[in-house]
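Participant: Pasting entry-v7.pdb here (PDB, C-alpha atoms):
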```pdb
ATOM      1  CA  MET A   1       2.597  -9.647 -19.343
ATOM      2  CA  ILE A   2      -0.131 -11.016 -17.049
ATOM      3  CA  GLN A   3      -3.631  -9.855 -17.847
ATOM      4  CA  PHE A   4      -6.680 -10.582 -15.750
ATOM      5  CA  ALA A   5      -9.551 -11.751 -17.924
ATOM      6  CA  TYR A   6     -12.281 -10.310 -15.780
ATOM      7  CA  ASP A   7     -14.478  -7.291 -16.056
ATOM      8  CA  PRO A   8     -13.820  -4.864 -13.157
ATOM      9  CA  ALA A   9     -17.299  -3.424 -13.743
ATOM     10  CA  THR A  10     -18.734  -6.535 -12.101
ATOM     11  CA  ASN A  11     -16.696  -5.869  -8.932
ATOM     12  CA  PRO A  12     -18.978  -4.639  -6.112
ATOM     13  CA  LEU A  13     -16.224  -2.150  -5.214
ATOM     14  CA  ASN A  14     -16.851  -0.314  -8.451
ATOM     15  CA  ASN A  15     -20.592  -0.189  -7.959
ATOM     16  CA  ASN A  16     -20.621   1.693  -4.691
ATOM     17  CA  GLU A  17     -19.120   5.161  -4.638
ATOM     18  CA  TRP A  18     -18.212   4.888  -0.922
ATOM     19  CA  ALA A  19     -16.523   1.483  -1.013
ATOM     20  CA  PHE A  20     -13.263   2.520  -2.664
ATOM     21  CA  PRO A  21     -12.471   5.682  -0.638
ATOM     22  CA  LEU A  22     -13.366   3.988   2.664
ATOM     23  CA  LEU A  23     -11.198   1.012   1.765
ATOM     24  CA  GLU A  24      -8.356   3.466   1.136
ATOM     25  CA  CYS A  25      -8.922   5.053   4.555
ATOM     26  CA  ILE A  26      -8.690   1.645   6.243
ATOM     27  CA  HIS A  27      -5.570   0.939   4.176
ATOM     28  CA  ILE A  28      -3.983   4.205   5.379
ATOM     29  CA  ALA A  29      -4.959   3.525   9.018
ATOM     30  CA  GLY A  30      -3.475   0.023   8.598
ATOM     31  CA  PHE A  31      -0.116   1.306   7.459
ATOM     32  CA  ALA A  32      -0.134   4.040  10.098
ATOM     33  CA  LEU A  33      -0.334   1.171  12.582
ATOM     34  CA  SER A  34       2.249  -1.098  10.959
ATOM     35  CA  ILE A  35       4.761   1.472   9.693
ATOM     36  CA  GLY A  36       4.136   3.688  12.731
ATOM     37  CA  THR A  37       5.038   0.917  15.169
ATOM     38  CA  ILE A  38       8.060  -0.159  13.090
ATOM     39  CA  ALA A  39       9.208   3.480  13.026
ATOM     40  CA  LEU A  40       8.919   3.676  16.828
ATOM     41  CA  VAL A  41      11.241   0.688  17.151
ATOM     42  CA  ASP A  42      13.637   2.290  14.649
ATOM     43  CA  LEU A  43      13.623   5.517  16.682
ATOM     44  CA  ARG A  44      14.383   3.457  19.812
ATOM     45  CA  VAL A  45      17.304   1.746  18.078
ATOM     46  CA  LEU A  46      18.571   5.197  17.069
ATOM     47  CA  GLY A  47      18.233   6.292  20.706
ATOM     48  CA  LEU A  48      15.611   8.918  19.869
ATOM     49  CA  ALA A  49      12.560   7.584  21.776
ATOM     50  CA  PHE A  50      11.575   5.217  24.629
ATOM     51  CA  ARG A  51      15.115   5.156  26.011
ATOM     52  CA  GLY A  52      13.892   3.892  29.390
ATOM     53  CA  GLN A  53      14.062   0.248  28.281
ATOM     54  CA  PRO A  54      16.162  -1.605  25.681
ATOM     55  CA  SER A  55      15.009  -2.048  22.053
ATOM     56  CA  PRO A  56      13.924  -5.712  22.363
ATOM     57  CA  VAL A  57      11.379  -4.795  25.068
ATOM     58  CA  LEU A  58       9.748  -2.188  22.827
ATOM     59  CA  ALA A  59       9.972  -4.392  19.721
ATOM     60  CA  LYS A  60       8.369  -7.324  21.533
ATOM     61  CA  THR A  61       5.471  -5.313  22.918
ATOM     62  CA  LEU A  62       4.795  -3.613  19.565
ATOM     63  CA  ALA A  63       5.192  -6.703  17.347
ATOM     64  CA  PRO A  64       1.511  -7.807  17.560
ATOM     65  CA  TRP A  65       0.389  -4.279  16.631
ATOM     66  CA  THR A  66       2.719  -4.241  13.637
ATOM     67  CA  LEU A  67       1.294  -7.584  12.563
ATOM     68  CA  VAL A  68      -2.309  -6.366  12.900
ATOM     69  CA  GLY A  69      -1.412  -3.290  10.816
ATOM     70  CA  LEU A  70       0.242  -5.472   8.177
ATOM     71  CA  ALA A  71      -2.818  -7.736   8.078
ATOM     72  CA  ILE A  72      -5.126  -4.737   7.544
ATOM     73  CA  MET A  73      -2.812  -3.495   4.768
ATOM     74  CA  LEU A  74      -2.616  -6.883   3.103
ATOM     75  CA  ILE A  75      -6.389  -7.378   3.164
ATOM     76  CA  THR A  76      -7.401  -3.918   1.946
ATOM     77  CA  GLY A  77      -4.507  -3.635  -0.541
ATOM     78  CA  PRO A  78      -5.516  -6.596  -2.742
ATOM     79  CA  LEU A  79      -9.162  -5.458  -2.552
ATOM     80  CA  ILE A  80      -8.137  -2.035  -3.879
ATOM     81  CA  PHE A  81      -6.044  -3.825  -6.514
ATOM     82  CA  SER A  82      -9.065  -5.899  -7.556
ATOM     83  CA  SER A  83     -10.952  -2.749  -8.566
ATOM     84  CA  ASP A  84      -8.806  -2.467 -11.709
ATOM     85  CA  PRO A  85      -6.037  -5.107 -11.792
ATOM     86  CA  ASN A  86      -4.857  -4.525 -15.334
ATOM     87  CA  MET A  87      -4.376  -0.808 -14.730
ATOM     88  CA  TYR A  88      -2.321  -1.515 -11.584
ATOM     89  CA  LEU A  89      -0.179  -4.131 -13.324
ATOM     90  CA  ARG A  90       0.710  -1.655 -16.068
ATOM     91  CA  ASN A  91       1.413   1.127 -13.548
ATOM     92  CA  ILE A  92       5.152   1.622 -12.985
ATOM     93  CA  SER A  93       4.636   3.116  -9.496
ATOM     94  CA  PHE A  94       2.539   0.104  -8.482
ATOM     95  CA  ARG A  95       5.253  -2.278  -9.637
ATOM     96  CA  PHE A  96       7.847  -0.274  -7.732
ATOM     97  CA  LYS A  97       5.626  -0.341  -4.654
ATOM     98  CA  MET A  98       5.172  -4.117  -4.797
ATOM     99  CA  GLY A  99       8.937  -4.615  -5.090
ATOM    100  CA  ALA A 100       9.612  -2.230  -2.199
ATOM    101  CA  LEU A 101       6.848  -3.821  -0.088
ATOM    102  CA  LEU A 102       8.176  -7.329  -0.619
ATOM    103  CA  ALA A 103      11.695  -6.142   0.242
ATOM    104  CA  ALA A 104      10.439  -4.237   3.298
ATOM    105  CA  ILE A 105       8.476  -7.188   4.726
ATOM    106  CA  ILE A 106      11.345  -9.656   4.173
ATOM    107  CA  TYR A 107      13.815  -7.127   5.608
ATOM    108  CA  HIS A 108      11.601  -6.502   8.621
ATOM    109  CA  TYR A 109      11.352 -10.157   9.611
ATOM    110  CA  THR A 110      14.989 -11.036   8.896
ATOM    111  CA  LEU A 111      17.843  -8.524   9.170
ATOM    112  CA  HIS A 112      15.784  -5.895  11.009
ATOM    113  CA  ARG A 113      14.515  -8.440  13.520
ATOM    114  CA  TRP A 114      18.034  -9.741  14.100
ATOM    115  CA  ALA A 115      19.471  -6.241  14.628
ATOM    116  CA  VAL A 116      16.679  -5.151  16.971
ATOM    117  CA  PHE A 117      16.607  -8.232  19.206
ATOM    118  CA  ARG A 118      20.318  -8.989  19.373
ATOM    119  CA  GLU A 119      21.975  -8.097  22.660
ATOM    120  CA  PRO A 120      24.287  -6.327  22.931
ATOM    121  CA  ALA A 121      23.031  -4.124  20.099
ATOM    122  CA  PRO A 122      25.107  -4.758  16.951
ATOM    123  CA  ALA A 123      27.288  -1.958  15.593
ATOM    124  CA  ILE A 124      25.255  -1.730  12.381
ATOM    125  CA  GLY A 125      21.958  -1.499  14.330
ATOM    126  CA  LYS A 126      21.506   2.195  13.584
ATOM    127  CA  VAL A 127      22.195   1.697   9.884
ATOM    128  CA  VAL A 128      19.594  -1.094   9.854
ATOM    129  CA  ALA A 129      17.062   1.253  11.522
ATOM    130  CA  VAL A 130      17.669   4.130   9.081
ATOM    131  CA  PHE A 131      17.388   1.745   6.119
ATOM    132  CA  SER A 132      14.128   0.384   7.553
ATOM    133  CA  LEU A 133      12.646   3.897   7.758
ATOM    134  CA  GLY A 134      13.770   4.627   4.189
ATOM    135  CA  LEU A 135      12.393   1.363   2.844
ATOM    136  CA  TRP A 136       8.946   1.897   4.378
ATOM    137  CA  VAL A 137       8.773   5.522   3.218
ATOM    138  CA  SER A 138       9.550   4.303  -0.311
ATOM    139  CA  VAL A 139       6.595   1.892  -0.065
ATOM    140  CA  VAL A 140       4.340   4.820   0.897
ATOM    141  CA  ALA A 141       5.817   6.948  -1.901
ATOM    142  CA  GLY A 142       5.239   4.170  -4.448
ATOM    143  CA  GLY A 143       1.604   3.926  -3.361
ATOM    144  CA  LEU A 144       0.995   7.641  -3.631
ATOM    145  CA  PHE A 145       2.669   7.904  -7.044
ATOM    146  CA  ILE A 146       0.287   5.273  -8.496
ATOM    147  CA  ALA A 147      -2.205   8.115  -8.938
ATOM    148  CA  PHE A 148       0.326  10.326 -10.731
ATOM    149  CA  PHE A 149       2.610   8.184 -12.894
TER     150      PHE A 149
ATOM    151  CA  MET B   1     -12.966  40.987   0.128
ATOM    152  CA  SER B   2     -14.831  37.691   0.196
ATOM    153  CA  LEU B   3     -13.274  34.415   1.322
ATOM    154  CA  LEU B   4     -13.508  33.124  -2.236
ATOM    155  CA  SER B   5     -11.574  36.019  -3.733
ATOM    156  CA  LEU B   6      -9.047  35.673  -0.917
ATOM    157  CA  CYS B   7      -8.603  32.011  -1.893
ATOM    158  CA  GLN B   8      -8.111  33.045  -5.521
ATOM    159  CA  SER B   9      -5.474  35.598  -4.484
ATOM    160  CA  ILE B  10      -3.664  33.020  -2.335
ATOM    161  CA  GLN B  11      -3.433  30.399  -5.030
ATOM    162  CA  SER B  12      -2.180  32.925  -7.597
ATOM    163  CA  ILE B  13       0.914  33.628  -5.461
ATOM    164  CA  GLY B  14       3.897  32.650  -7.623
ATOM    165  CA  PHE B  15       5.284  29.596  -5.837
ATOM    166  CA  LEU B  16       1.810  28.240  -5.037
ATOM    167  CA  THR B  17       0.946  28.420  -8.740
ATOM    168  CA  ASP B  18       4.238  26.639  -9.464
ATOM    169  CA  ILE B  19       3.304  23.841  -7.050
ATOM    170  CA  ARG B  20      -0.123  23.439  -8.661
ATOM    171  CA  GLU B  21       1.322  23.275 -12.157
ATOM    172  CA  SER B  22       4.323  21.091 -11.360
ATOM    173  CA  ALA B  23       4.118  17.410 -12.224
ATOM    174  CA  MET B  24       6.567  16.380  -9.501
ATOM    175  CA  VAL B  25       6.279  18.839  -6.593
ATOM    176  CA  TYR B  26       2.619  18.106  -5.857
ATOM    177  CA  PRO B  27       2.997  14.307  -5.520
ATOM    178  CA  VAL B  28       6.227  14.754  -3.530
ATOM    179  CA  ILE B  29       4.420  17.000  -1.028
ATOM    180  CA  MET B  30       1.599  14.456  -0.878
ATOM    181  CA  THR B  31       4.127  11.669  -0.249
ATOM    182  CA  THR B  32       5.636  13.650   2.634
ATOM    183  CA  HIS B  33       2.126  14.180   3.998
ATOM    184  CA  LEU B  34       1.315  10.462   3.745
ATOM    185  CA  SER B  35       4.645   9.372   5.237
ATOM    186  CA  CYS B  36       3.994  11.697   8.158
ATOM    187  CA  ILE B  37       0.607  10.014   8.648
ATOM    188  CA  ALA B  38       2.450   6.695   8.891
ATOM    189  CA  LEU B  39       5.068   8.020  11.337
ATOM    190  CA  PHE B  40       3.246  10.536  13.477
ATOM    191  CA  GLY B  41      -0.238   9.084  12.981
ATOM    192  CA  GLY B  42       1.208   5.831  14.281
ATOM    193  CA  MET B  43       2.486   7.695  17.349
ATOM    194  CA  ILE B  44      -0.928   9.213  18.032
ATOM    195  CA  LEU B  45      -2.556   5.807  17.562
ATOM    196  CA  MET B  46      -0.213   4.104  20.040
ATOM    197  CA  THR B  47      -0.550   6.937  22.583
ATOM    198  CA  ASP B  48      -4.327   6.539  22.411
ATOM    199  CA  MET B  49      -3.995   2.773  22.795
ATOM    200  CA  ARG B  50      -1.787   3.331  25.863
ATOM    201  CA  LEU B  51      -4.331   5.707  27.401
ATOM    202  CA  LEU B  52      -7.017   3.087  26.760
ATOM    203  CA  GLY B  53      -4.788   0.466  28.419
ATOM    204  CA  PHE B  54      -4.474  -1.723  25.291
ATOM    205  CA  ALA B  55      -0.831  -1.257  24.311
ATOM    206  CA  LEU B  56       2.657  -0.360  25.589
ATOM    207  CA  LYS B  57       1.670  -1.389  29.108
ATOM    208  CA  LYS B  58       5.330  -2.010  29.953
ATOM    209  CA  TYR B  59       5.803   1.728  29.620
ATOM    210  CA  THR B  60       4.290   4.343  31.903
ATOM    211  CA  VAL B  61       1.821   6.858  30.484
ATOM    212  CA  THR B  62       4.449   9.487  31.325
ATOM    213  CA  GLU B  63       7.037   7.706  29.160
ATOM    214  CA  VAL B  64       4.630   7.364  26.231
ATOM    215  CA  VAL B  65       3.032  10.817  26.358
ATOM    216  CA  GLY B  66       6.175  12.688  27.422
ATOM    217  CA  GLY B  67       8.558  10.712  25.216
ATOM    218  CA  LEU B  68       6.533  11.146  22.061
ATOM    219  CA  ARG B  69       5.582  14.785  22.647
ATOM    220  CA  PRO B  70       8.695  16.301  20.955
ATOM    221  CA  TRP B  71       8.189  13.987  17.959
ATOM    222  CA  LYS B  72       4.536  14.906  17.653
ATOM    223  CA  ARG B  73       5.567  18.561  17.622
ATOM    224  CA  VAL B  74       7.992  17.856  14.791
ATOM    225  CA  GLY B  75       5.192  16.030  12.957
ATOM    226  CA  PHE B  76       2.782  18.864  13.617
ATOM    227  CA  CYS B  77       5.178  21.409  12.069
ATOM    228  CA  ILE B  78       5.790  19.267   8.972
ATOM    229  CA  MET B  79       2.070  18.556   8.569
ATOM    230  CA  ILE B  80       1.073  22.217   8.914
ATOM    231  CA  THR B  81       3.695  23.180   6.321
ATOM    232  CA  MET B  82       2.567  20.500   3.857
ATOM    233  CA  GLY B  83      -1.070  21.335   4.531
ATOM    234  CA  LEU B  84      -0.561  25.037   3.860
ATOM    235  CA  LEU B  85       1.296  24.266   0.622
ATOM    236  CA  LEU B  86      -1.352  21.792  -0.567
ATOM    237  CA  ALA B  87      -4.379  23.877   0.430
ATOM    238  CA  GLY B  88      -2.734  27.142  -0.654
ATOM    239  CA  SER B  89      -1.916  25.872  -4.136
ATOM    240  CA  GLU B  90      -5.527  24.750  -4.702
ATOM    241  CA  ALA B  91      -7.246  27.279  -2.437
ATOM    242  CA  GLU B  92     -10.141  28.014  -4.797
ATOM    243  CA  LYS B  93     -10.917  24.326  -5.328
ATOM    244  CA  TYR B  94     -10.707  23.674  -1.593
ATOM    245  CA  TYR B  95     -13.029  26.592  -0.882
ATOM    246  CA  HIS B  96     -15.810  24.726  -2.711
ATOM    247  CA  ASN B  97     -14.944  21.323  -1.197
ATOM    248  CA  PRO B  98     -17.210  20.360   1.731
ATOM    249  CA  TYR B  99     -14.916  17.507   2.824
ATOM    250  CA  PHE B 100     -12.076  20.010   3.236
ATOM    251  CA  TRP B 101     -14.175  22.098   5.599
ATOM    252  CA  VAL B 102     -15.260  19.036   7.596
ATOM    253  CA  LYS B 103     -11.578  18.140   7.945
ATOM    254  CA  MET B 104     -10.783  21.674   9.134
ATOM    255  CA  CYS B 105     -13.579  21.452  11.721
ATOM    256  CA  LEU B 106     -12.200  18.110  12.912
ATOM    257  CA  LEU B 107      -8.728  19.672  13.246
ATOM    258  CA  LEU B 108     -10.384  22.376  15.311
ATOM    259  CA  ALA B 109     -11.875  19.574  17.410
ATOM    260  CA  VAL B 110      -8.327  18.250  17.917
ATOM    261  CA  GLY B 111      -7.458  21.654  19.371
ATOM    262  CA  VAL B 112     -10.517  21.645  21.622
ATOM    263  CA  HIS B 113      -9.650  18.088  22.715
ATOM    264  CA  ALA B 114      -6.177  19.330  23.726
ATOM    265  CA  LEU B 115      -7.636  22.284  25.621
ATOM    266  CA  ILE B 116      -9.965  19.990  27.540
ATOM    267  CA  PHE B 117      -7.648  17.064  28.244
ATOM    268  CA  ARG B 118      -4.232  18.679  28.513
ATOM    269  CA  PRO B 119      -4.780  19.996  32.055
ATOM    270  CA  SER B 120      -6.493  16.830  33.291
ATOM    271  CA  VAL B 121      -4.655  14.077  31.385
ATOM    272  CA  TYR B 122      -1.624  14.950  29.253
ATOM    273  CA  ASN B 123      -0.044  17.249  31.846
ATOM    274  CA  ARG B 124      -0.880  14.952  34.752
ATOM    275  CA  THR B 125       0.535  11.674  33.528
ATOM    276  CA  GLU B 126       2.490  10.996  36.724
ATOM    277  CA  GLU B 127      -0.711  11.147  38.710
ATOM    278  CA  ILE B 128      -2.316   8.734  36.216
ATOM    279  CA  ASP B 129       0.626   6.338  36.555
ATOM    280  CA  ARG B 130       0.263   6.315  40.344
ATOM    281  CA  ALA B 131      -3.457   5.502  40.160
ATOM    282  CA  PRO B 132      -4.313   1.802  40.685
ATOM    283  CA  ALA B 133      -6.246   1.721  37.402
ATOM    284  CA  LEU B 134      -6.385   3.985  34.369
ATOM    285  CA  PRO B 135      -8.787   6.821  35.231
ATOM    286  CA  ALA B 136     -11.897   7.233  33.097
ATOM    287  CA  ARG B 137     -10.756  10.669  31.918
ATOM    288  CA  ALA B 138      -7.575   9.151  30.448
ATOM    289  CA  LYS B 139      -9.586   6.533  28.595
ATOM    290  CA  ALA B 140     -12.026   9.197  27.405
ATOM    291  CA  ALA B 141      -9.116  11.281  26.103
ATOM    292  CA  GLY B 142      -7.686   8.287  24.235
ATOM    293  CA  ALA B 143     -11.010   7.167  22.770
ATOM    294  CA  LEU B 144     -12.032  10.649  21.634
ATOM    295  CA  SER B 145      -8.611  11.321  20.137
ATOM    296  CA  LEU B 146      -8.866   8.057  18.197
ATOM    297  CA  ILE B 147     -12.323   8.938  16.865
ATOM    298  CA  ILE B 148     -11.404  12.507  15.883
ATOM    299  CA  TRP B 149      -8.162  11.475  14.132
ATOM    300  CA  CYS B 150      -9.941   8.685  12.223
ATOM    301  CA  GLY B 151     -12.352  11.384  11.086
ATOM    302  CA  VAL B 152      -9.480  13.660  10.015
ATOM    303  CA  LEU B 153      -7.976  10.778   8.027
ATOM    304  CA  THR B 154     -11.293   9.856   6.370
ATOM    305  CA  PHE B 155     -12.285  13.377   5.388
ATOM    306  CA  GLY B 156      -8.720  14.132   4.301
ATOM    307  CA  ARG B 157      -8.928  11.244   1.850
ATOM    308  CA  LEU B 158     -12.447  12.194   0.732
ATOM    309  CA  ILE B 159     -11.224  15.682  -0.289
ATOM    310  CA  GLY B 160      -9.727  14.025  -3.351
ATOM    311  CA  TYR B 161     -13.057  12.497  -4.314
ATOM    312  CA  TYR B 162     -15.138  15.649  -4.433
ATOM    313  CA  GLU B 163     -15.850  16.441  -8.045
ATOM    314  CA  GLY B 164     -17.848  19.607  -7.556
ATOM    315  CA  GLU B 165     -21.404  20.204  -8.597
ATOM    316  CA  LYS B 166     -21.066  23.243 -10.818
ATOM    317  CA  PRO B 167     -19.082  21.779 -13.745
ATOM    318  CA  GLN B 168     -21.454  18.810 -14.024
ATOM    319  CA  ALA B 169     -24.643  20.794 -14.505
ATOM    320  CA  PRO B 170     -23.892  22.299 -17.961
ATOM    321  CA  ASN B 171     -22.682  18.903 -19.166
ATOM    322  CA  ALA B 172     -25.870  17.172 -18.062
ATOM    323  CA  GLN B 173     -27.895  19.850 -19.842
ATOM    324  CA  ALA B 174     -25.780  19.477 -22.963
ATOM    325  CA  GLN B 175     -26.488  15.765 -23.007
ATOM    326  CA  VAL B 176     -30.224  16.321 -22.749
ATOM    327  CA  ILE B 177     -30.082  18.761 -25.647
ATOM    328  CA  ALA B 178     -27.792  16.526 -27.683
ATOM    329  CA  ALA B 179     -29.784  13.357 -27.128
ATOM    330  CA  PRO B 180     -32.683  14.112 -29.533
ATOM    331  CA  LEU B 181     -30.205  15.258 -32.197
ATOM    332  CA  LYS B 182     -28.494  11.864 -32.173
ATOM    333  CA  ASN B 183     -31.743  10.130 -33.032
TER     334      ASN B 183
END
```
Mind turning the file's structure into structure tokens?
Facilitator:
Amino acid sequence: MIQFAYDPATNPLNNNEWAFPLLECIHIAGFALSIGTIALVDLRVLGLAFRGQPSPVLAKTLAPWTLVGLAIMLITGPLIFSSDPNMYLRNISFRFKMGALLAAIIYHYTLHRWAVFREPAPAIGKVVAVFSLGLWVSVVAGGLFIAFF
Amino acid sequence: MSLLSLCQSIQSIGFLTDIRESAMVYPVIMTTHLSCIALFGGMILMTDMRLLGFALKKYTVTEVVGGLRPWKRVGFCIMITMGLLLAGSEAEKYYHNPYFWVKMCLLLAVGVHALIFRPSVYNRTEEIDRAPALPARAKAAGALSLIIWCGVLTFGRLIGYYEGEKPQAPNAQAQVIAAPLKN
């Protein structure tokens, strides 16, 4: 098992009582932006929102926002991780979250992208959208459960 | 009956005690809460960005505000339910938590924001769409909403960091008393 040979006590994050909670807030705002915009596209594919224009129009206009949200997540996430890497590596919920996150990002930029942009909309489009919502919720769940299990 | 004793009575209600003492129910409620932040918080964020003229410009304000309104209502209902369960199960702890009260005040501010801007912005989106440029009141509504919701998010997260002052005091005293004994 990988162990980081560094003392988290030297990390500036652990020497300022505001740094960690504020980093978490930015992390949450980041995934509200990324997962929120992905969810909007999924709702469009399911025919539940923004029905005025086809899915690719919505997906294209929201893509930069999703990317900004992902960037915020992927900057703040590793910083949070750095506060106590060995604890996170041992944590089963964290490992689940990393697996789900990797799957969700790959899924988003491959199968999900194909299903959303393809015209006419493929028959399995709605299944792809539901699976996307489920995958991202499982990432959120994994993150929350780090504090409990 | 004081507010504190009311809080104690609330959290001793059977199912609220069960939630507090359950290893699984509490994190599952929290997960629902957090997932709703991702889904419905994202909707609020993008509505604000549309009102500010930064995002979703291919869609009219009417489409964004009107189209997302039913979803935000669904989110509101889920969030209120989760919030009541979470706060109810730990009512006494929350009573002492200043961050909780700041969050409640900010949620009140959300209500005031709606009262102020609903007649002039959210219920007049067609008028806004016809205007040559986004009116200042629409931008003000978006900007203020963004600020208030960021505050709700921040103070919501800080609730978990409040350790309370009362339990620490006897400990600190105990250490002072114990210190000379060690030597």
Participant: Using all atoms listed in the file, can you list as a CSV table (one decimal) with C-alpha atoms, in the coordinates of the input the residues within 10 Å of (-0.1, -6.1, 21.0)?
Facilitator:
```
chain,number,residue,atom,x,y,z
A,60,LYS,CA,8.4,-7.3,21.5
A,61,THR,CA,5.5,-5.3,22.9
A,62,LEU,CA,4.8,-3.6,19.6
A,63,ALA,CA,5.2,-6.7,17.3
A,64,PRO,CA,1.5,-7.8,17.6
A,65,TRP,CA,0.4,-4.3,16.6
A,66,THR,CA,2.7,-4.2,13.6
A,67,LEU,CA,1.3,-7.6,12.6
A,68,VAL,CA,-2.3,-6.4,12.9
B,49,MET,CA,-4.0,2.8,22.8
B,54,PHE,CA,-4.5,-1.7,25.3
B,55,ALA,CA,-0.8,-1.3,24.3
B,56,LEU,CA,2.7,-0.4,25.6
B,57,LYS,CA,1.7,-1.4,29.1
```
Participant: Write out as an MDAnalysis selection string which residues come within 10 Å of A:Leu22 when counting only C-alpha atoms, dropping same-chain ones fewer than 3 positions away.
Facilitator: (chainID A and resid 17:19 25:28 76) or (chainID B and resid 154:155 157:158)
Participant: Extract, using all atoms listed in the file, all DNA, RNA and protein residues at most 6 Å from A:Gly69, discarding same-chain residues fewer than 5 positions from it, and format them as number ranges by chain.
Facilitator: A: 30-31, 33-34
Participant: Given the file above and the ChimeraX specification (/B :<8) & /A, which residues are selected, and can you give them as a ChimeraX atom specification?
Facilitator: /A:21-22,24-25,28-29,31-37,39-40,49-50,52,58,61-62,137,140-141,144-145,148
Participant: Can you measure atom CA of B:Arg20 to atom CA of B:Cys7 for me? One decimal in Å is fine.
Facilitator: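 Atom CA of B:Arg20 sits 13.8 Å away from atom CA of B:Cys7.
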Participant: With the PyMOL selection byres ((chain B and resi 79-94) around 7) as the selection, what would be picked from this file? Answer as JSON, numbers by chain, please.
Facilitator: {"B": [4, 7, 8, 10, 11, 16, 17, 19, 20, 29, 33, 75, 76, 77, 78, 95, 96, 97, 100]}
Participant: Just want the 9 Å neighbourhood of stretch 110-124 of chain B, counted on all atoms listed in the file, with same-chain residues fewer than 6 positions away dropped. Output as a VMD selection string.
Facilitator: chain B and resid 61 to 62 65 to 66 137 to 138 141 144 to 145 148 to 149
Participant: In Å, with one decimal, what is the gap from atom CA of A:Tyr109 to atom CA of A:Leu46?
Facilitator: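 It comes out at 18.5 Å.
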Participant: Which residue gives the smallest distance to A:Ile105 among A:Ile92, A:Met73, A:Val130, A:Ile124, with all atoms listed in the file counted?
Facilitator: A:Met73
Participant: What is the distance between atom CA of B:Lys139 and atom CA of B:Lys103, in Å to one decimal?
Facilitator: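 Spanning atom CA of B:Lys139 to atom CA of B:Lys103 is a straight-line distance of 23.8 Å.
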Participant: Quick one: what's the axis-aligned box for stretch 13-23 of chain B, all listed atoms, 4 Å on every side, centre and edges in Å to one decimal, as lines of an AutoDock Vina configuration file?
Facilitator:
```
center_x = 2.6
center_y = 25.5
center_z = -8.6
size_x = 13.4
size_y = 24.2
size_z = 15.2
```
Participant: Mind checking which residues fall within 12 Å of A:Asn14, counting all atoms listed in the file, ignoring those fewer than 5 positions away in the same chain, and posting them as a PyMOL selection string?
Facilitator: chain A and resi 7-9+19-21+23+79-84
Participant: Take the PyMOL selection byres ((chain A and resi 138) around 9), apply it to the structure above, and return the hits as a list in words.
Facilitator: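 Applied to this file, the PyMOL selection byres ((chain A and resi 138) around 9) selects Phe96, Lys97, Ala100, Leu101, Leu133, Gly134, Leu135, Trp136, Val137, Val139, Val140, Ala141, Gly142 and Gly143 of chain A; Ser35 of chain B.
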Participant: Under the rule that only C-alpha atoms are counted, which of A:Ala147, A:Asn86, A:Glu119, A:Ser93 is the nearest residue to A:Tyr6?
Facilitator: A:Asn86
